[in-house]
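What follows is input_10.txt (compact mmCIF, C-alpha atoms).
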# COMPACT_ATOMS: atom_id res chain seq x y z
CA MET H 147 137.34 42.06 79.69
CA ARG H 148 140.57 40.25 80.52
CA ILE H 149 140.70 37.75 83.39
CA LEU H 150 143.65 35.85 84.91
CA ILE H 151 143.00 32.43 86.44
CA VAL H 152 145.61 31.17 88.92
CA GLU H 153 144.65 27.59 89.82
CA ASP H 154 146.98 24.58 90.17
CA ASP H 155 144.26 22.00 89.51
CA VAL H 156 144.83 21.63 85.77
CA SER H 157 141.37 20.24 85.01
CA LEU H 158 139.56 22.91 87.00
CA ASN H 159 141.74 25.63 85.51
CA ARG H 160 140.93 24.44 82.00
CA LEU H 161 137.21 24.14 82.78
CA ILE H 162 136.97 27.67 84.16
CA SER H 163 139.00 29.05 81.25
CA GLU H 164 136.83 27.38 78.63
CA LYS H 165 133.58 28.48 80.26
CA LEU H 166 134.76 32.08 80.64
CA LYS H 167 135.86 32.19 77.00
CA LYS H 168 132.37 31.05 76.01
CA GLU H 169 131.07 34.02 77.99
CA HIS H 170 133.22 36.30 75.79
CA TYR H 171 135.95 37.00 78.34
CA THR H 172 139.61 37.13 77.35
CA VAL H 173 141.48 34.67 79.55
CA ASP H 174 145.05 34.01 80.66
CA SER H 175 145.76 31.13 83.02
CA CYS H 176 148.64 29.64 84.98
CA HIS H 177 149.19 26.99 87.64
CA LEU H 178 152.15 28.14 89.75
CA GLY H 179 152.51 31.04 92.13
CA ASN H 180 155.70 32.41 90.60
CA GLU H 181 154.13 32.23 87.13
CA ALA H 182 151.24 34.35 88.38
CA LEU H 183 153.57 37.19 89.38
CA ALA H 184 154.97 37.36 85.84
CA TYR H 185 151.46 37.58 84.38
CA ILE H 186 150.25 40.16 86.90
CA ASP H 187 153.30 42.41 86.58
CA GLY H 188 153.25 42.18 82.79
CA ALA H 189 149.61 42.92 81.93
CA GLU H 190 146.47 44.77 83.00
CA TYR H 191 143.57 42.61 84.15
CA ASP H 192 139.95 43.38 84.92
CA LEU H 193 139.75 40.51 87.41
CA ILE H 194 142.01 37.86 88.95
CA ILE H 195 140.63 34.51 90.12
CA LEU H 196 143.19 33.29 92.64
CA ASP H 197 143.49 29.95 94.40
CA ILE H 198 145.00 30.12 97.90
CA MET H 199 146.87 26.80 97.93
CA LEU H 200 149.46 27.04 95.14
CA PRO H 201 152.92 25.57 94.50
CA ASN H 202 155.92 27.91 95.00
CA MET H 203 153.91 30.77 96.47
CA SER H 204 150.53 30.89 98.17
CA GLY H 205 147.62 32.87 96.83
CA LEU H 206 147.73 35.06 99.92
CA GLU H 207 151.38 35.93 99.19
CA ILE H 208 150.42 36.81 95.63
CA LEU H 209 147.54 38.95 96.91
CA THR H 210 149.93 40.76 99.25
CA HIS H 211 152.26 41.42 96.29
CA ILE H 212 149.38 42.77 94.19
CA ARG H 213 148.23 45.23 96.84
CA SER H 214 151.79 46.29 97.72
CA LYS H 215 152.09 47.52 94.12
CA LYS H 216 148.97 49.67 94.62
CA ASN H 217 147.23 47.47 92.05
CA THR H 218 143.47 47.72 92.67
CA VAL H 219 142.42 44.93 90.29
CA PRO H 220 139.48 42.96 91.76
CA VAL H 221 140.62 39.65 93.24
CA LEU H 222 138.31 36.68 93.80
CA LEU H 223 139.82 34.02 96.06
CA LEU H 224 138.89 30.50 95.01
CA THR H 225 139.85 27.73 97.42
CA ALA H 226 138.86 24.55 99.17
CA LYS H 227 139.28 26.35 102.48
CA ASP H 228 136.03 27.77 103.77
CA SER H 229 136.68 28.55 107.42
CA VAL H 230 135.85 31.99 108.78
CA GLU H 231 139.53 32.56 109.60
CA ASP H 232 140.60 31.94 106.00
CA LYS H 233 137.95 34.29 104.67
CA VAL H 234 138.87 37.04 107.13
CA THR H 235 142.58 36.69 106.33
CA GLY H 236 141.99 36.92 102.60
CA LEU H 237 139.63 39.87 102.86
CA ASP H 238 141.94 41.70 105.27
CA LEU H 239 144.78 41.32 102.76
CA GLY H 240 142.70 43.01 100.08
CA ALA H 241 140.62 40.31 98.39
CA ASP H 242 137.29 41.53 97.02
CA ASP H 243 135.36 38.27 97.26
CA TYR H 244 135.74 34.64 98.30
CA MET H 245 134.32 31.37 96.94
CA ALA H 246 134.82 27.89 98.32
CA LYS H 247 135.08 24.81 96.12
CA PRO H 248 132.99 23.15 94.87
CA PHE H 249 130.97 25.99 93.41
CA ALA H 250 128.20 26.56 90.89
CA PHE H 251 129.54 28.15 87.73
CA GLU H 252 126.51 30.43 87.41
CA GLU H 253 127.33 31.87 90.83
CA LEU H 254 130.94 32.40 89.77
CA LEU H 255 129.76 34.27 86.68
CA ALA H 256 127.44 36.44 88.76
CA ARG H 257 130.24 37.31 91.18
CA ILE H 258 132.57 38.15 88.30
CA ARG H 259 129.99 40.54 86.86
CA VAL H 260 129.50 42.18 90.25
CA LEU H 261 133.23 42.68 90.83
CA ILE H 262 133.88 44.09 87.38
CA ARG H 263 130.82 46.35 87.66
CA ARG H 264 131.92 47.52 91.11
CA SER H 265 135.38 48.40 89.82
CA SER H 266 133.80 50.71 87.23
CA SER H 267 131.47 52.34 89.81
CA GLN H 268 128.42 51.05 87.97
CA SER H 269 125.34 49.81 89.83
CA SER H 270 123.66 48.02 86.94
CA GLN H 271 124.48 45.34 84.40
CA VAL H 272 122.94 47.56 81.72
CA TYR H 273 125.09 50.44 80.49
CA GLN H 274 123.58 53.33 78.56
CA ILE H 275 124.83 56.41 76.75
CA ALA H 276 122.38 58.41 74.65
CA ASP H 277 120.15 55.80 72.97
CA LEU H 278 122.82 53.06 73.04
CA MET H 279 122.27 50.27 75.56
CA VAL H 280 124.70 47.44 76.37
CA ASN H 281 123.55 44.55 78.59
CA ASP H 282 126.48 42.71 80.15
CA LYS H 283 124.37 39.82 81.44
CA THR H 284 122.55 38.99 78.21
CA LYS H 285 125.43 40.20 76.00
CA THR H 286 123.04 42.24 73.87
CA VAL H 287 123.31 45.70 72.33
CA THR H 288 120.60 48.04 71.06
CA ARG H 289 120.50 51.55 69.68
CA SER H 290 117.18 53.35 69.43
CA ASN H 291 115.73 50.00 70.59
CA ILE H 292 117.06 48.27 67.45
CA PRO H 293 119.19 45.16 68.16
CA ILE H 294 122.79 45.30 66.93
CA SER H 295 124.68 42.09 66.22
CA LEU H 296 128.32 42.17 67.38
CA SER H 297 131.09 39.63 67.39
CA SER H 298 132.49 38.56 70.76
CA LYS H 299 135.50 40.87 70.46
CA GLU H 300 133.40 43.79 69.21
CA PHE H 301 131.11 43.38 72.21
CA ASN H 302 134.01 43.27 74.66
CA ILE H 303 135.59 46.43 73.25
CA LEU H 304 132.26 48.27 73.29
CA LEU H 305 131.51 47.08 76.83
CA TYR H 306 134.90 48.24 78.10
CA MET H 307 134.50 51.60 76.41
CA ILE H 308 130.99 52.22 77.74
CA MET H 309 132.04 51.13 81.24
CA HIS H 310 134.64 53.90 80.96
CA ALA H 311 132.44 56.36 79.08
CA GLY H 312 133.99 59.81 78.82
CA GLN H 313 137.51 58.48 79.39
CA VAL H 314 140.00 58.58 76.54
CA LEU H 315 141.36 55.05 76.14
CA SER H 316 144.69 54.53 74.40
CA ARG H 317 145.22 51.73 71.91
CA GLU H 318 147.64 50.15 74.39
CA THR H 319 145.02 50.15 77.14
CA LEU H 320 142.40 48.59 74.89
CA ASN H 321 144.88 45.99 73.66
CA GLN H 322 145.84 45.10 77.23
CA HIS H 323 142.25 44.39 78.19
CA MET H 324 141.12 42.61 75.01
CA TRP H 325 143.84 40.10 74.10
CA ASN H 326 145.75 37.51 76.07
CA TYR H 327 149.40 36.52 75.79
CA ASP H 328 148.68 34.09 72.95
CA TYR H 329 147.66 36.88 70.59
CA GLU H 330 150.07 37.37 67.68
CA GLY H 331 148.02 39.57 65.38
CA SER H 332 148.47 43.02 63.91
CA SER H 333 149.45 45.97 66.08
CA ASN H 334 146.66 48.10 64.58
CA ILE H 335 143.93 45.57 65.35
CA ILE H 336 142.15 48.01 67.70
CA ASP H 337 141.79 50.50 64.84
CA VAL H 338 140.18 47.78 62.73
CA TYR H 339 137.65 46.89 65.44
CA ILE H 340 136.84 50.53 66.15
CA ARG H 341 136.06 50.89 62.44
CA TYR H 342 133.73 47.87 62.65
CA LEU H 343 132.01 49.31 65.74
CA ARG H 344 131.54 52.72 64.15
CA LYS H 345 129.85 51.12 61.17
CA LYS H 346 127.46 49.17 63.41
CA ILE H 347 126.92 51.70 66.20
CA ASP H 348 127.14 55.14 64.58
CA GLU H 349 126.40 54.69 60.89
CA GLY H 350 122.96 56.07 60.06
CA HIS H 351 122.72 58.07 63.29
CA GLU H 352 123.12 61.83 63.39
CA LYS H 353 124.62 61.72 66.87
CA LYS H 354 128.01 59.95 66.79
CA LEU H 355 129.16 58.28 69.99
CA ILE H 356 132.60 56.79 69.19
CA HIS H 357 135.26 59.47 68.77
CA THR H 358 138.96 59.51 67.92
CA ILE H 359 141.19 61.73 70.04
CA ARG H 360 144.18 62.33 67.80
CA GLY H 361 147.42 61.09 69.32
CA GLN H 362 145.66 59.67 72.38
CA GLY H 363 143.12 57.01 71.48
CA TYR H 364 139.35 56.58 71.51
CA VAL H 365 136.43 57.63 73.67
CA ILE H 366 132.71 56.92 73.75
CA ARG H 367 130.65 59.95 74.77
CA GLU H 368 127.86 62.30 73.74
CA GLU H 369 128.91 65.49 72.03

Translate the structure described by the file into structure tokens.
Amino acid sequence: MRILIVEDDVSLNRLISEKLKKEHYTVDSCHLGNEALAYIDGAEYDLIILDIMLPNMSGLEILTHIRSKKNTVPVLLLTAKDSVEDKVTGLDLGADDYMAKPFAFEELLARIRVLIRRSSSQSSQVYQIADLMVNDKTKTVTRSNIPISLSSKEFNILLYMIMHAGQVLSRETLNQHMWNYDYEGSSNIIDVYIRYLRKKIDEGHEKKLIHTIRGQGYVIREE
């Protein structure tokens, strides 16, 4: 899952980024309003954490830009302002949630999970297909009740796929949601990770769940 943090407080921005990375999220971050537009228009995000008071362009102006482009990415407003008027303005412009500083990081994590889950039309933090279960909160995976150990990136790819079970996901889509702008690796890295996942998820099971759709990408589904 790829998250953009737009926060001009350098220390807070770094703190949120580091904590989210420890939670296995892929993170981009910036400090200026005009920088945020370049990130948003150039990549696909699963969530944007957006401060209202920013240099160059306010968070509300950025939010207006996002929604004017018909971009439905979940947006969590993060600001020192906590008046009812500020909340109403942000929500009316299309924000999905609102947190006032200071905040508890555990609450921020919980709200992130809710927003990402809501965007995928899921009602639970546990995703299941056949006998495969993926728990987003505990970051654990089992198949036939047997625990499966995955790397952070393997888990993120599997989670994204199972959240979009039945949908064919192109390599470009998976790349967009798994790596940030700092990534300089191989262009076929998704193929490598899918191979790792197949070995851990499908090997030894008669029913295969991860499928290649030639010329289109990958899908997780029962067949």

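Candidate residues H:Tyr171, H:Tyr273, H:Phe249, H:Tyr339 were compared for distance to Leu224 (chain H), and the nearest is H:Phe249, using only C-alpha atoms.
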
Mind running region 204-263 of chain H against region 174-179 of chain H at 12 Å and telling me each contacting residue's nearest atom pair with the distance in Å (one decimal), counting all atoms listed in the file, chain and number ascending, as JSON lines?
{"residue": "H:Ser204", "atom": "CA", "partner": "H:Gly179", "partner_atom": "CA", "distance": 6.4}
{"residue": "H:Gly205", "atom": "CA", "partner": "H:Gly179", "partner_atom": "CA", "distance": 7.0}
{"residue": "H:Leu206", "atom": "CA", "partner": "H:Gly179", "partner_atom": "CA", "distance": 10.0}
{"residue": "H:Glu207", "atom": "CA", "partner": "H:Gly179", "partner_atom": "CA", "distance": 8.7}
{"residue": "H:Ile208", "atom": "CA", "partner": "H:Gly179", "partner_atom": "CA", "distance": 7.1}
{"residue": "H:Leu209", "atom": "CA", "partner": "H:Gly179", "partner_atom": "CA", "distance": 10.5}
{"residue": "H:His211", "atom": "CA", "partner": "H:Gly179", "partner_atom": "CA", "distance": 11.2}

Deliver the residues from the most recent selection as a file, using C-alpha atoms, as a PDB file, in the frame of the given file.
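Saved result, out35.pdb, follows:
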ATOM      1  CA  SER H 204     150.530  30.890  98.170  1.00  0.00           C
ATOM      2  CA  GLY H 205     147.620  32.870  96.830  1.00  0.00           C
ATOM      3  CA  LEU H 206     147.730  35.060  99.920  1.00  0.00           C
ATOM      4  CA  GLU H 207     151.380  35.930  99.190  1.00  0.00           C
ATOM      5  CA  ILE H 208     150.420  36.810  95.630  1.00  0.00           C
ATOM      6  CA  LEU H 209     147.540  38.950  96.910  1.00  0.00           C
ATOM      7  CA  HIS H 211     152.260  41.420  96.290  1.00  0.00           C
TER       8      HIS H 211
END

Selection: 7 Å around region 250-267 of chain H, only C-alpha atoms, excl. self and same-chain fewer than 6 positions, as a list in words: Asp192, Leu193, Pro220 and Met309 of chain H

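Counting only C-alpha atoms, the residue from H:Ile366, H:Asp154, H:Glu352, H:Lys167 that sits nearest to Pro201 (chain H) is H:Asp154.
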
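Counting all atoms listed in the file, the residue from H:Asp155, H:Arg213, H:Leu278, H:Ile186 that sits nearest to Ala226 (chain H) is H:Asp155.
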
Distance of CA of Gly361 (chain H) from CA of Ser316 (chain H), expressed in Å to one decimal place: 8.7 Å

From H:Asn202, H:Thr235, H:Gln274, H:Ser157, residue lying nearest Ala311 (chain H) [all atoms listed in the file]: H:Gln274

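Distances from H:Ala246, H:Leu222, H:Leu320, H:Val230 to Met147 (chain H) were compared using only C-alpha atoms, and the smallest one belongs to H:Leu320.
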
Between CA of Thr225 (chain H) and CA of Leu196 (chain H), distance in Å (one decimal): 8.1 Å

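Shortest separation to Leu200 (chain H) among H:Glu153, H:Leu223, H:Asp232, H:Gly240 occurs at residue H:Glu153, atoms counted being all atoms listed in the file.
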
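Taking CA of Leu150 (chain H) and CA of Tyr342 (chain H) as endpoints, the distance between them is 27.2 Å.
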
10 Å contact set for region 321-329 of chain H, only C-alpha atoms, chain neighbours under 2 positions out, as a VMD selection string: chain H and resid 147 to 150 171 to 175 185 188 to 192 299 to 300 302 to 303 306 316 to 319 331 to 336

Exercise: Ser298 (chain H) partners within 9 Å, all atoms listed in the file, chain neighbours under 6 positions left out, as an MDAnalysis selection string: chainID H and resid 169:171 285

Neighbour list for Phe301 (chain H) as a PyMOL selection string, cut-off 10 Å, all atoms listed in the file, skip fewer than 3 positions in-chain: chain H and resi 147+170+280-282+285-287+295-298+304-307+343

Could you save the residues just selected, with C-alpha atoms, as a PDB file, in the frame of the given file?
ATOM      1  CA  MET H 147     137.340  42.060  79.690  1.00  0.00           C
ATOM      2  CA  HIS H 170     133.220  36.300  75.790  1.00  0.00           C
ATOM      3  CA  VAL H 280     124.700  47.440  76.370  1.00  0.00           C
ATOM      4  CA  ASN H 281     123.550  44.550  78.590  1.00  0.00           C
ATOM      5  CA  ASP H 282     126.480  42.710  80.150  1.00  0.00           C
ATOM      6  CA  LYS H 285     125.430  40.200  76.000  1.00  0.00           C
ATOM      7  CA  THR H 286     123.040  42.240  73.870  1.00  0.00           C
ATOM      8  CA  VAL H 287     123.310  45.700  72.330  1.00  0.00           C
ATOM      9  CA  SER H 295     124.680  42.090  66.220  1.00  0.00           C
ATOM     10  CA  LEU H 296     128.320  42.170  67.380  1.00  0.00           C
ATOM     11  CA  SER H 297     131.090  39.630  67.390  1.00  0.00           C
ATOM     12  CA  SER H 298     132.490  38.560  70.760  1.00  0.00           C
ATOM     13  CA  LEU H 304     132.260  48.270  73.290  1.00  0.00           C
ATOM     14  CA  LEU H 305     131.510  47.080  76.830  1.00  0.00           C
ATOM     15  CA  TYR H 306     134.900  48.240  78.100  1.00  0.00           C
ATOM     16  CA  MET H 307     134.500  51.600  76.410  1.00  0.00           C
ATOM     17  CA  LEU H 343     132.010  49.310  65.740  1.00  0.00           C
TER      18      LEU H 343
END

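Using only C-alpha atoms, the protein and nucleic acid residues lying no more than 12 Å from His351 (chain H), apart from those fewer than 5 places from it along its own chain, are Ala276, Asp277, Leu278, Arg289, Ser290, Arg344, Lys345, Lys346 and Ile356 of chain H.
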